[in-house]
$ cat my_file_27.cif   # mmCIF, C-alpha atoms and all ligand atoms
data_query
loop_
_atom_site.label_atom_id
_atom_site.label_comp_id
_atom_site.auth_asym_id
_atom_site.auth_seq_id
_atom_site.Cartn_x
_atom_site.Cartn_y
_atom_site.Cartn_z
CA MET W 26 11.12 -168.54 -104.50
CA SER W 27 9.18 -165.24 -104.36
CA ASP W 28 5.81 -165.11 -106.10
CA PRO W 29 5.17 -161.79 -107.89
CA ALA W 30 1.42 -162.13 -107.56
CA PRO W 31 0.09 -164.44 -104.84
CA ASP W 32 -2.19 -167.08 -106.37
CA LEU W 33 -4.42 -168.16 -103.52
CA PHE W 34 -5.17 -171.87 -103.18
CA SER W 35 -3.09 -173.07 -106.13
CA GLY W 36 -1.70 -176.53 -105.48
CA THR W 37 -4.01 -177.28 -102.56
CA PRO W 38 -7.54 -178.65 -102.50
CA ASP W 39 -10.43 -176.19 -102.31
CA PRO W 40 -11.45 -175.60 -98.69
CA PRO W 41 -14.84 -177.04 -97.72
CA ALA W 42 -17.76 -174.69 -98.40
CA ASP W 43 -18.49 -174.17 -94.71
CA HIS W 44 -15.00 -172.84 -94.01
CA GLY W 45 -14.28 -169.16 -94.06
CA ASP W 46 -17.52 -167.50 -95.20
CA GLY W 47 -18.77 -164.36 -93.49
CA GLY W 48 -17.66 -162.79 -90.24
CA PRO W 49 -16.14 -164.28 -87.12
CA ALA W 50 -17.66 -167.44 -85.68
CA PHE W 51 -17.03 -166.15 -82.15
CA SER W 52 -16.46 -162.71 -80.72
CA VAL W 53 -16.46 -160.90 -77.43
CA SER W 54 -15.67 -157.30 -76.45
CA ASP W 55 -13.55 -155.48 -73.86
CA PRO W 56 -11.05 -155.95 -75.39
CA ASP W 57 -12.48 -156.89 -78.79
CA THR W 58 -11.53 -160.49 -79.51
CA SER W 59 -12.74 -162.60 -82.42
CA LEU W 60 -12.14 -165.99 -83.94
CA PHE W 61 -12.79 -166.86 -87.58
CA VAL W 62 -13.22 -170.44 -88.73
CA GLY W 63 -11.67 -170.99 -92.14
CA ASP W 64 -8.54 -171.05 -94.24
CA CYS W 65 -6.44 -168.10 -93.07
CA ARG W 66 -5.51 -167.18 -96.66
CA GLU W 67 -9.15 -166.65 -97.49
CA VAL W 68 -10.03 -164.89 -94.23
CA LEU W 69 -6.97 -162.60 -94.40
CA ALA W 70 -7.92 -161.55 -97.93
CA ARG W 71 -11.27 -160.11 -96.78
CA LEU W 72 -10.38 -158.86 -93.33
CA PRO W 73 -11.74 -155.32 -92.74
CA GLU W 74 -8.79 -154.65 -90.43
CA LYS W 75 -6.35 -155.15 -93.35
CA GLY W 76 -3.46 -152.68 -92.99
CA SER W 77 -4.13 -151.95 -89.33
CA VAL W 78 -2.82 -154.97 -87.44
CA ASP W 79 -0.01 -154.01 -85.04
CA LEU W 80 1.36 -157.49 -84.42
CA VAL W 81 1.02 -160.84 -86.20
CA PHE W 82 2.11 -164.03 -84.48
CA ALA W 83 2.00 -167.09 -86.73
CA ASP W 84 2.62 -170.69 -85.69
CA PRO W 85 1.68 -172.57 -88.87
CA PRO W 86 1.28 -176.30 -89.45
CA PHE W 87 4.82 -177.64 -90.08
CA ASN W 88 3.75 -180.23 -92.70
CA TRP W 89 4.90 -182.98 -90.35
CA ASP W 90 1.79 -185.11 -90.85
CA VAL W 91 0.24 -184.03 -87.55
CA ASN W 92 -3.45 -184.70 -87.08
CA TYR W 93 -5.06 -181.25 -87.20
CA GLY W 94 -8.52 -182.58 -87.92
CA ASP W 95 -9.61 -181.43 -91.38
CA TRP W 96 -6.29 -179.85 -92.40
CA ASP W 97 -3.90 -181.90 -94.57
CA ASP W 98 -0.52 -181.65 -92.84
CA SER W 99 1.34 -183.80 -95.34
CA MET W 100 1.28 -181.77 -98.56
CA PRO W 101 3.82 -182.26 -101.34
CA ARG W 102 6.74 -180.00 -100.44
CA GLU W 103 6.14 -177.58 -103.34
CA ASP W 104 2.52 -177.11 -102.31
CA TYR W 105 3.54 -176.50 -98.73
CA GLU W 106 6.04 -173.84 -99.76
CA SER W 107 3.46 -172.20 -101.99
CA PHE W 108 0.92 -172.28 -99.12
CA THR W 109 3.57 -170.74 -96.84
CA ARG W 110 4.24 -167.84 -99.22
CA GLN W 111 0.51 -167.23 -99.63
CA TRP W 112 -0.30 -166.92 -95.94
CA LEU W 113 2.85 -164.84 -95.35
CA ASP W 114 1.70 -162.40 -98.03
CA GLY W 115 -1.75 -162.24 -96.42
CA CYS W 116 -0.14 -161.40 -93.08
CA ILE W 117 2.06 -158.70 -94.61
CA GLU W 118 -1.04 -157.08 -96.13
CA ALA W 119 -2.80 -157.20 -92.77
CA LEU W 120 0.07 -155.41 -90.98
CA ALA W 121 0.04 -151.70 -90.20
CA PRO W 122 3.04 -149.69 -91.46
CA ASN W 123 4.60 -149.90 -87.97
CA GLY W 124 3.60 -153.55 -87.51
CA SER W 125 5.68 -156.56 -86.52
CA LEU W 126 5.44 -160.14 -87.73
CA TRP W 127 6.63 -163.16 -85.75
CA VAL W 128 6.79 -166.68 -87.18
CA ASN W 129 7.37 -169.82 -85.12
CA ILE W 130 8.95 -172.36 -87.45
CA PRO W 131 11.31 -175.36 -87.29
CA ASP W 132 14.62 -175.86 -89.13
CA ASP W 133 13.21 -177.28 -92.36
CA THR W 134 11.28 -174.15 -93.41
CA ALA W 135 12.96 -171.28 -91.52
CA ALA W 136 15.33 -170.36 -94.36
CA GLU W 137 12.55 -170.22 -96.97
CA ILE W 138 10.50 -167.91 -94.75
CA VAL W 139 13.41 -165.58 -94.06
CA VAL W 140 14.19 -165.29 -97.78
CA HIS W 141 10.55 -164.68 -98.68
CA LEU W 142 9.98 -162.00 -96.04
CA LYS W 143 13.15 -160.19 -97.08
CA SER W 144 12.06 -160.36 -100.71
CA ARG W 145 8.81 -158.66 -99.67
CA GLY W 146 10.74 -155.77 -98.11
CA LEU W 147 10.42 -156.67 -94.45
CA THR W 148 13.36 -156.19 -92.08
CA MET W 149 14.57 -158.86 -89.69
CA VAL W 150 14.85 -157.53 -86.14
CA ASN W 151 15.84 -160.80 -84.45
CA TRP W 152 16.21 -164.45 -85.27
CA CYS W 153 15.32 -165.88 -81.87
CA ILE W 154 15.43 -169.52 -80.82
CA TRP W 155 12.91 -171.17 -78.55
CA HIS W 156 14.97 -173.90 -76.88
CA PHE W 157 13.15 -176.74 -75.13
CA ARG W 158 14.18 -179.98 -73.46
CA PHE W 159 12.34 -183.27 -74.10
CA GLY W 160 12.47 -183.16 -77.88
CA GLN W 161 11.63 -186.37 -79.75
CA CYS W 162 14.37 -188.93 -78.94
CA ARG W 163 16.29 -190.26 -81.99
CA ASN W 164 19.75 -191.45 -82.94
CA SER W 165 19.67 -190.69 -86.68
CA GLY W 166 20.87 -187.17 -85.94
CA PHE W 167 21.04 -184.73 -83.07
CA ILE W 168 17.81 -184.42 -81.12
CA THR W 169 15.75 -181.40 -82.10
CA SER W 170 15.53 -179.01 -79.16
CA LYS W 171 14.57 -175.73 -80.77
CA VAL W 172 12.15 -173.85 -82.96
CA HIS W 173 12.95 -170.55 -84.67
CA ALA W 174 11.09 -167.44 -83.57
CA LEU W 175 11.57 -165.05 -86.48
CA TYR W 176 10.90 -161.40 -85.70
CA PHE W 177 10.37 -159.08 -88.68
CA CYS W 178 8.97 -155.57 -89.01
CA LYS W 179 7.82 -153.33 -91.84
CA ASP W 180 9.73 -150.25 -90.71
CA PRO W 181 12.68 -150.65 -88.34
CA LYS W 182 12.60 -146.91 -87.56
CA ASN W 183 8.94 -147.00 -86.61
CA ARG W 184 7.83 -150.08 -84.73
CA ILE W 185 6.26 -150.76 -81.36
CA TRP W 186 9.00 -151.95 -79.02
CA ASN W 187 8.63 -152.03 -75.23
CA PRO W 188 11.80 -153.58 -73.81
CA ASP W 189 11.09 -152.45 -70.24
CA SER W 190 7.99 -154.63 -70.10
CA ILE W 191 9.86 -157.90 -70.55
CA LEU W 192 13.10 -157.51 -68.60
CA GLU W 193 14.77 -160.47 -66.90
CA GLN W 194 17.47 -160.61 -64.23
CA SER W 195 20.93 -160.24 -65.67
CA ASP W 196 23.60 -162.87 -64.99
CA ARG W 197 25.65 -160.09 -63.39
CA ALA W 198 22.95 -159.76 -60.78
CA SER W 199 21.73 -163.33 -60.37
CA ILE W 200 25.08 -165.18 -60.58
CA TYR W 201 27.73 -162.69 -59.57
CA GLY W 202 25.84 -160.28 -57.32
CA ASP W 203 27.74 -157.53 -59.16
CA ALA W 204 27.25 -154.25 -57.29
CA ARG W 205 27.61 -152.19 -60.48
CA THR W 206 24.40 -153.46 -62.00
CA MET W 207 22.54 -152.69 -58.77
CA ALA W 208 23.91 -149.15 -58.86
CA LYS W 209 22.23 -148.35 -62.19
CA ASP W 210 19.69 -145.51 -62.17
CA SER W 211 16.92 -147.69 -63.51
CA ASN W 212 16.20 -151.37 -64.14
CA LYS W 213 18.73 -152.41 -61.50
CA GLY W 214 19.97 -155.93 -62.10
CA MET W 215 17.76 -156.35 -65.14
CA ARG W 216 18.35 -156.71 -68.88
CA VAL W 217 16.44 -157.35 -72.10
CA PRO W 218 16.28 -161.15 -72.57
CA MET W 219 18.78 -162.80 -74.91
CA ASP W 220 17.67 -164.23 -78.25
CA VAL W 221 17.69 -167.85 -77.06
CA TRP W 222 14.60 -168.50 -74.95
CA TYR W 223 14.30 -171.26 -72.37
CA GLY W 224 13.73 -171.79 -68.67
CA LYS W 225 10.92 -172.27 -66.21
CA TYR W 226 7.52 -172.48 -67.97
CA TRP W 227 9.28 -172.46 -71.37
CA GLY W 228 9.04 -176.22 -71.92
CA ARG W 229 6.80 -177.85 -74.51
CA ILE W 230 3.25 -178.10 -73.19
CA GLN W 231 2.89 -181.74 -72.25
CA GLY W 232 1.71 -184.12 -69.50
CA ASN W 233 -0.06 -182.44 -66.60
CA ASN W 234 1.14 -178.92 -67.40
CA LYS W 235 -1.70 -176.71 -66.17
CA GLU W 236 -1.70 -174.77 -69.46
CA ARG W 237 -2.39 -177.89 -71.46
CA ARG W 238 -5.56 -178.11 -73.54
CA SER W 239 -6.60 -181.61 -74.50
CA ASN W 240 -6.71 -182.61 -78.18
CA HIS W 241 -4.39 -179.81 -79.29
CA GLN W 242 -1.03 -180.43 -80.94
CA ASN W 243 2.01 -178.20 -80.57
CA GLN W 244 0.57 -175.76 -78.06
CA ILE W 245 2.97 -172.88 -77.35
CA PRO W 246 3.73 -171.80 -73.75
CA GLU W 247 1.96 -168.70 -72.50
CA VAL W 248 5.25 -167.09 -71.41
CA TYR W 249 6.42 -167.12 -75.05
CA LEU W 250 3.35 -165.19 -76.23
CA GLU W 251 3.53 -162.90 -73.22
CA ARG W 252 7.09 -161.89 -74.18
CA VAL W 253 6.14 -161.28 -77.81
CA ILE W 254 2.89 -159.40 -77.12
CA GLU W 255 4.24 -157.27 -74.26
CA SER W 256 7.33 -156.23 -76.22
CA CYS W 257 5.76 -155.66 -79.65
CA SER W 258 2.33 -154.18 -78.91
CA ASN W 259 0.66 -151.71 -76.58
CA GLU W 260 -2.52 -151.96 -74.56
CA GLY W 261 -5.34 -151.58 -77.08
CA SER W 262 -3.15 -152.68 -80.02
CA LEU W 263 -4.53 -155.20 -82.50
CA VAL W 264 -2.89 -158.65 -82.53
CA LEU W 265 -3.57 -161.32 -85.15
CA ASP W 266 -2.86 -165.07 -85.21
CA PRO W 267 -3.70 -166.85 -88.49
CA PHE W 268 -3.28 -170.34 -86.93
CA ALA W 269 -5.13 -170.27 -83.63
CA GLY W 270 -4.72 -173.91 -82.56
CA SER W 271 -5.61 -173.95 -78.87
CA GLY W 272 -5.97 -170.15 -78.82
CA THR W 273 -2.77 -169.23 -76.94
CA THR W 274 -2.25 -165.90 -78.72
CA CYS W 275 -5.75 -164.52 -78.15
CA THR W 276 -5.83 -165.87 -74.59
CA VAL W 277 -2.65 -163.99 -73.71
CA ALA W 278 -3.57 -160.91 -75.77
CA ARG W 279 -6.87 -160.66 -73.93
CA ALA W 280 -5.21 -160.99 -70.54
CA LEU W 281 -2.84 -158.15 -71.50
CA GLY W 282 -5.57 -155.79 -72.72
CA ARG W 283 -4.89 -156.15 -76.46
CA ARG W 284 -7.58 -156.52 -79.12
CA SER W 285 -7.10 -159.69 -81.10
CA ILE W 286 -8.23 -161.76 -84.07
CA CYS W 287 -7.42 -165.39 -84.69
CA ILE W 288 -8.23 -167.83 -87.46
CA GLU W 289 -8.52 -171.61 -87.26
CA TYR W 290 -9.33 -174.08 -90.00
CA SER W 291 -10.68 -176.90 -87.85
CA PRO W 292 -14.13 -176.16 -86.37
CA ASP W 293 -13.41 -178.49 -83.41
CA ASN W 294 -10.12 -176.76 -82.59
CA ALA W 295 -11.85 -173.40 -82.97
CA ALA W 296 -14.60 -174.29 -80.48
CA SER W 297 -12.05 -175.52 -77.95
CA ALA W 298 -9.82 -172.47 -78.49
CA TRP W 299 -12.79 -170.20 -77.93
CA GLU W 300 -13.59 -171.89 -74.63
CA ARG W 301 -10.02 -171.19 -73.52
CA ILE W 302 -10.03 -167.59 -74.79
CA SER W 303 -13.41 -166.61 -73.39
CA GLU W 304 -13.71 -168.76 -70.24
CA VAL W 305 -10.44 -170.27 -69.03
CA GLY W 306 -8.09 -167.35 -69.68
CA MET W 307 -4.36 -167.02 -69.12
CA VAL W 308 -3.05 -169.14 -66.24
CA ARG W 309 0.54 -167.86 -65.92
CA LYS W 310 0.20 -164.12 -66.30
CA GLY W 311 3.46 -162.36 -65.34
CA GLN W 312 5.19 -165.59 -64.33
CA GLY W 313 7.74 -165.49 -67.14
CA ILE W 314 8.77 -161.88 -66.55
CA GLY W 315 11.55 -160.67 -64.24
CA GLN W 316 13.03 -164.16 -63.75
CA SER W 317 16.63 -165.20 -64.27
CA SER W 318 17.57 -167.44 -67.22
CA ALA W 319 21.07 -168.06 -65.81
CA ILE W 320 22.45 -171.55 -66.38
CA PHE W 321 24.83 -171.35 -63.40
CA ALA W 322 23.91 -171.13 -59.75
CA SER W 323 24.55 -167.94 -57.86
CA ARG W 324 28.29 -167.75 -56.98
CA GLY W 325 27.53 -167.36 -53.30
CA SER W 326 25.63 -170.67 -53.21
CA ARG W 327 28.25 -172.78 -55.04
CA LYS W 328 29.81 -175.65 -53.06
CA SER W 329 33.11 -175.71 -54.93
C1 LIG T 401 0.87 -175.47 -84.83
S1 LIG T 401 -0.84 -175.32 -84.56
C2 LIG T 401 -0.98 -173.79 -83.69
C3 LIG T 401 -0.79 -173.96 -82.21
C4 LIG T 401 -1.00 -172.69 -81.42
N1 LIG T 401 0.09 -171.75 -81.59
C5 LIG T 401 -1.19 -173.00 -79.96
O1 LIG T 401 -0.42 -172.49 -79.12
O2 LIG T 401 -2.09 -173.77 -79.64
C6 LIG T 401 -1.44 -174.93 -86.17
C7 LIG T 401 -2.95 -174.77 -86.23
O3 LIG T 401 -3.26 -174.19 -87.51
C8 LIG T 401 -4.46 -174.79 -88.00
N2 LIG T 401 -4.44 -174.60 -89.48
C9 LIG T 401 -3.81 -175.36 -90.40
N3 LIG T 401 -3.97 -174.84 -91.62
C10 LIG T 401 -4.71 -173.71 -91.47
C11 LIG T 401 -5.18 -172.72 -92.39
N4 LIG T 401 -4.92 -172.79 -93.69
N5 LIG T 401 -5.88 -171.68 -91.89
C12 LIG T 401 -6.14 -171.60 -90.57
N6 LIG T 401 -5.73 -172.51 -89.66
C13 LIG T 401 -5.02 -173.56 -90.11
C14 LIG T 401 -4.39 -176.23 -87.52
O4 LIG T 401 -5.68 -176.81 -87.50
C15 LIG T 401 -3.75 -176.06 -86.13
O5 LIG T 401 -4.74 -175.93 -85.15
#
$ encode --input "my_file_27.cif" --output "structure tokens"
Amino acid sequence: MSDPAPDLFSGTPDPPADHGDGGPAFSVSDPDTSLFVGDCREVLARLPEKGSVDLVFADPPFNWDVNYGDWDDSMPREDYESFTRQWLDGCIEALAPNGSLWVNIPDDTAAEIVVHLKSRGLTMVNWCIWHFRFGQCRNSGFITSKVHALYFCKDPKNRIWNPDSILEQSDRASIYGDARTMAKDSNKGMRVPMDVWYGKYWGRIQGNNKERRSNHQNQIPEVYLERVIESCSNEGSLVLDPFAGSGTTCTVARALGRRSICIEYSPDNAASAWERISEVGMVRKGQGIGQSSAIFASRGSRKS
């Protein structure tokens, strides 16, 4: 499974000549934000910031035959796994020694990614689950209602971790009104979120959701990126997303004062992502923080 020496592009067609040459296609300052158009494996290999990225968030194509414009999302399985190992290696090289790497990935490739990252010496901090309702209906098996949010770091003793910035209400406070949690010296009634993520604003981005960008597939909710970026980077840190899509990562990073770089293969997606990053901005800043994720109503309000 692990490749001793990454062999870029083997098993996949050569990218078109106009993808991935030169510097970023779009950039803006304060905080520095840039978007490259090209194959992330190629762009990562020549990134000047190699070795200094504080946080990578990667939401790759799942090889589910989704229409991503120019990108072939229906590769033979072996090619897809080889592609996956190649971009993972590029991300590892981009990371600073205290950097963190998150990967958003469904059931069918999560295990391969975990094994590969461990084989490259990274440490798993959490295996989180993003749980959503309204998965694709089917009766051939249980309905998919989750994606894995894999959180790895290079050095578990030296990583950026800001738990206080992402606290939510504890069940003790929101369900039971437990006086003990309100008597704490700090963070009264609050806790670090659990490793299964769901709730208000955590649904898949569909219909008339105000975050939704037209013509983008599998857009991730802003609250998800806010939790990852707040907890695993500082203001001024450098965040990288090798699969920009609609630009969620850079949009949220920018709103939170982080520098960021993203890469997108499709020129059309890139142009639309840049409009979001540079003009529309984050629409739910702070709305996912400090809430309760309790699945029971407050005890005081129960009828029976
Ligand atoms: C799952 S989507 C990312 C969605 C994104 N997280 C969002 O919230 O909008 C994957 C994106 O990666 C792009 N992509 C696919 N292969 C790529 C490659 N080799 N390099 C860069 N981008 C690629 C696709 O065009 C697509 O826009």
$ residues_near_ligand --input "my_file_27.cif" --ligand "ligand LIG 401 (chain T)" --cutoff "7 Å" --atoms "only C-alpha atoms and all ligand atoms" --output "PDB file with C-alpha atoms, in the coordinates of the input"
ATOM      1  CA  GLY W  63     -11.670-170.990 -92.140  1.00  0.00           C
ATOM      2  CA  ASP W  64      -8.540-171.050 -94.240  1.00  0.00           C
ATOM      3  CA  CYS W  65      -6.440-168.100 -93.070  1.00  0.00           C
ATOM      4  CA  ARG W  66      -5.510-167.180 -96.660  1.00  0.00           C
ATOM      5  CA  ASP W  84       2.620-170.690 -85.690  1.00  0.00           C
ATOM      6  CA  PRO W  85       1.680-172.570 -88.870  1.00  0.00           C
ATOM      7  CA  PRO W  86       1.280-176.300 -89.450  1.00  0.00           C
ATOM      8  CA  PHE W  87       4.820-177.640 -90.080  1.00  0.00           C
ATOM      9  CA  TYR W  93      -5.060-181.250 -87.200  1.00  0.00           C
ATOM     10  CA  GLY W  94      -8.520-182.580 -87.920  1.00  0.00           C
ATOM     11  CA  TRP W  96      -6.290-179.850 -92.400  1.00  0.00           C
ATOM     12  CA  HIS W 241      -4.390-179.810 -79.290  1.00  0.00           C
ATOM     13  CA  GLN W 242      -1.030-180.430 -80.940  1.00  0.00           C
ATOM     14  CA  ASN W 243       2.010-178.200 -80.570  1.00  0.00           C
ATOM     15  CA  GLN W 244       0.570-175.760 -78.060  1.00  0.00           C
ATOM     16  CA  ILE W 245       2.970-172.880 -77.350  1.00  0.00           C
ATOM     17  CA  PRO W 246       3.730-171.800 -73.750  1.00  0.00           C
ATOM     18  CA  PRO W 267      -3.700-166.850 -88.490  1.00  0.00           C
ATOM     19  CA  PHE W 268      -3.280-170.340 -86.930  1.00  0.00           C
ATOM     20  CA  ALA W 269      -5.130-170.270 -83.630  1.00  0.00           C
ATOM     21  CA  GLY W 270      -4.720-173.910 -82.560  1.00  0.00           C
ATOM     22  CA  SER W 271      -5.610-173.950 -78.870  1.00  0.00           C
ATOM     23  CA  GLY W 272      -5.970-170.150 -78.820  1.00  0.00           C
ATOM     24  CA  THR W 273      -2.770-169.230 -76.940  1.00  0.00           C
ATOM     25  CA  THR W 274      -2.250-165.900 -78.720  1.00  0.00           C
ATOM     26  CA  ILE W 288      -8.230-167.830 -87.460  1.00  0.00           C
ATOM     27  CA  GLU W 289      -8.520-171.610 -87.260  1.00  0.00           C
ATOM     28  CA  TYR W 290      -9.330-174.080 -90.000  1.00  0.00           C
ATOM     29  CA  SER W 291     -10.680-176.900 -87.850  1.00  0.00           C
ATOM     30  CA  ASN W 294     -10.120-176.760 -82.590  1.00  0.00           C
TER      31      ASN W 294
END
$ residues_near_point --input "my_file_27.cif" --point "(7.6, -169.6, -77.0)" --cutoff "9 Å" --atoms "all atoms listed in the file" --output "list in words"
Asn129, Ile154, Trp155, His156, Val172, Ala174, Trp222, Tyr223, Trp227, Gly228, Arg229, Ile245, Pro246, Glu247, Val248, Tyr249, Leu250, Glu251, Arg252 and Val253 of chain W
$ residues_near_point --input "my_file_27.cif" --point "(4.2, -177.3, -96.3)" --cutoff "12 Å" --atoms "only C-alpha atoms" --output "VMD selection string"
chain W and resid 36 to 37 85 to 91 96 to 112 130 to 131 133 to 135 137 to 138
$ closest_residue --input "my_file_27.cif" --among "W:Ala70, W:Cys178, W:Leu126, W:Cys162" --to "W:Thr148" --atoms "only C-alpha atoms"
W:Cys178
$ residues_around --input "my_file_27.cif" --residues "W:Gly202" --least-positions-apart "2" --cutoff "12 Å" --atoms "all atoms listed in the file" --output "MDAnalysis selection string"
chainID W and resid 194:200 204:208 213:215 322:326
$ closest_residue --input "my_file_27.cif" --among "W:Ile230, W:Val221, W:Asp95, W:His141" --to "W:Phe159" --atoms "all atoms listed in the file"
W:Ile230
$ closest_atom_pairs --input "my_file_27.cif" --of "stretch 132-194 of chain W" --to "stretch 258-265 of chain W" --cutoff "10 Å" --atoms "all atoms listed in the file" --output "CSV"
residue,atom,partner,partner_atom,distance
W:Arg184,CA,W:Ser258,CA,9.0
W:Ile185,CA,W:Ser258,CA,5.8
W:Trp186,CA,W:Ser258,CA,7.0
W:Asn187,CA,W:Ser258,CA,7.6
$ atom_distance --input "my_file_27.cif" --atom1 "atom CA of W:Val217" --atom2 "atom CA of W:Ser190"
9.1 Å
$ atom_distance --input "my_file_27.cif" --atom1 "atom CA of W:Val53" --atom2 "atom CA of W:Asn240"
23.8 Å
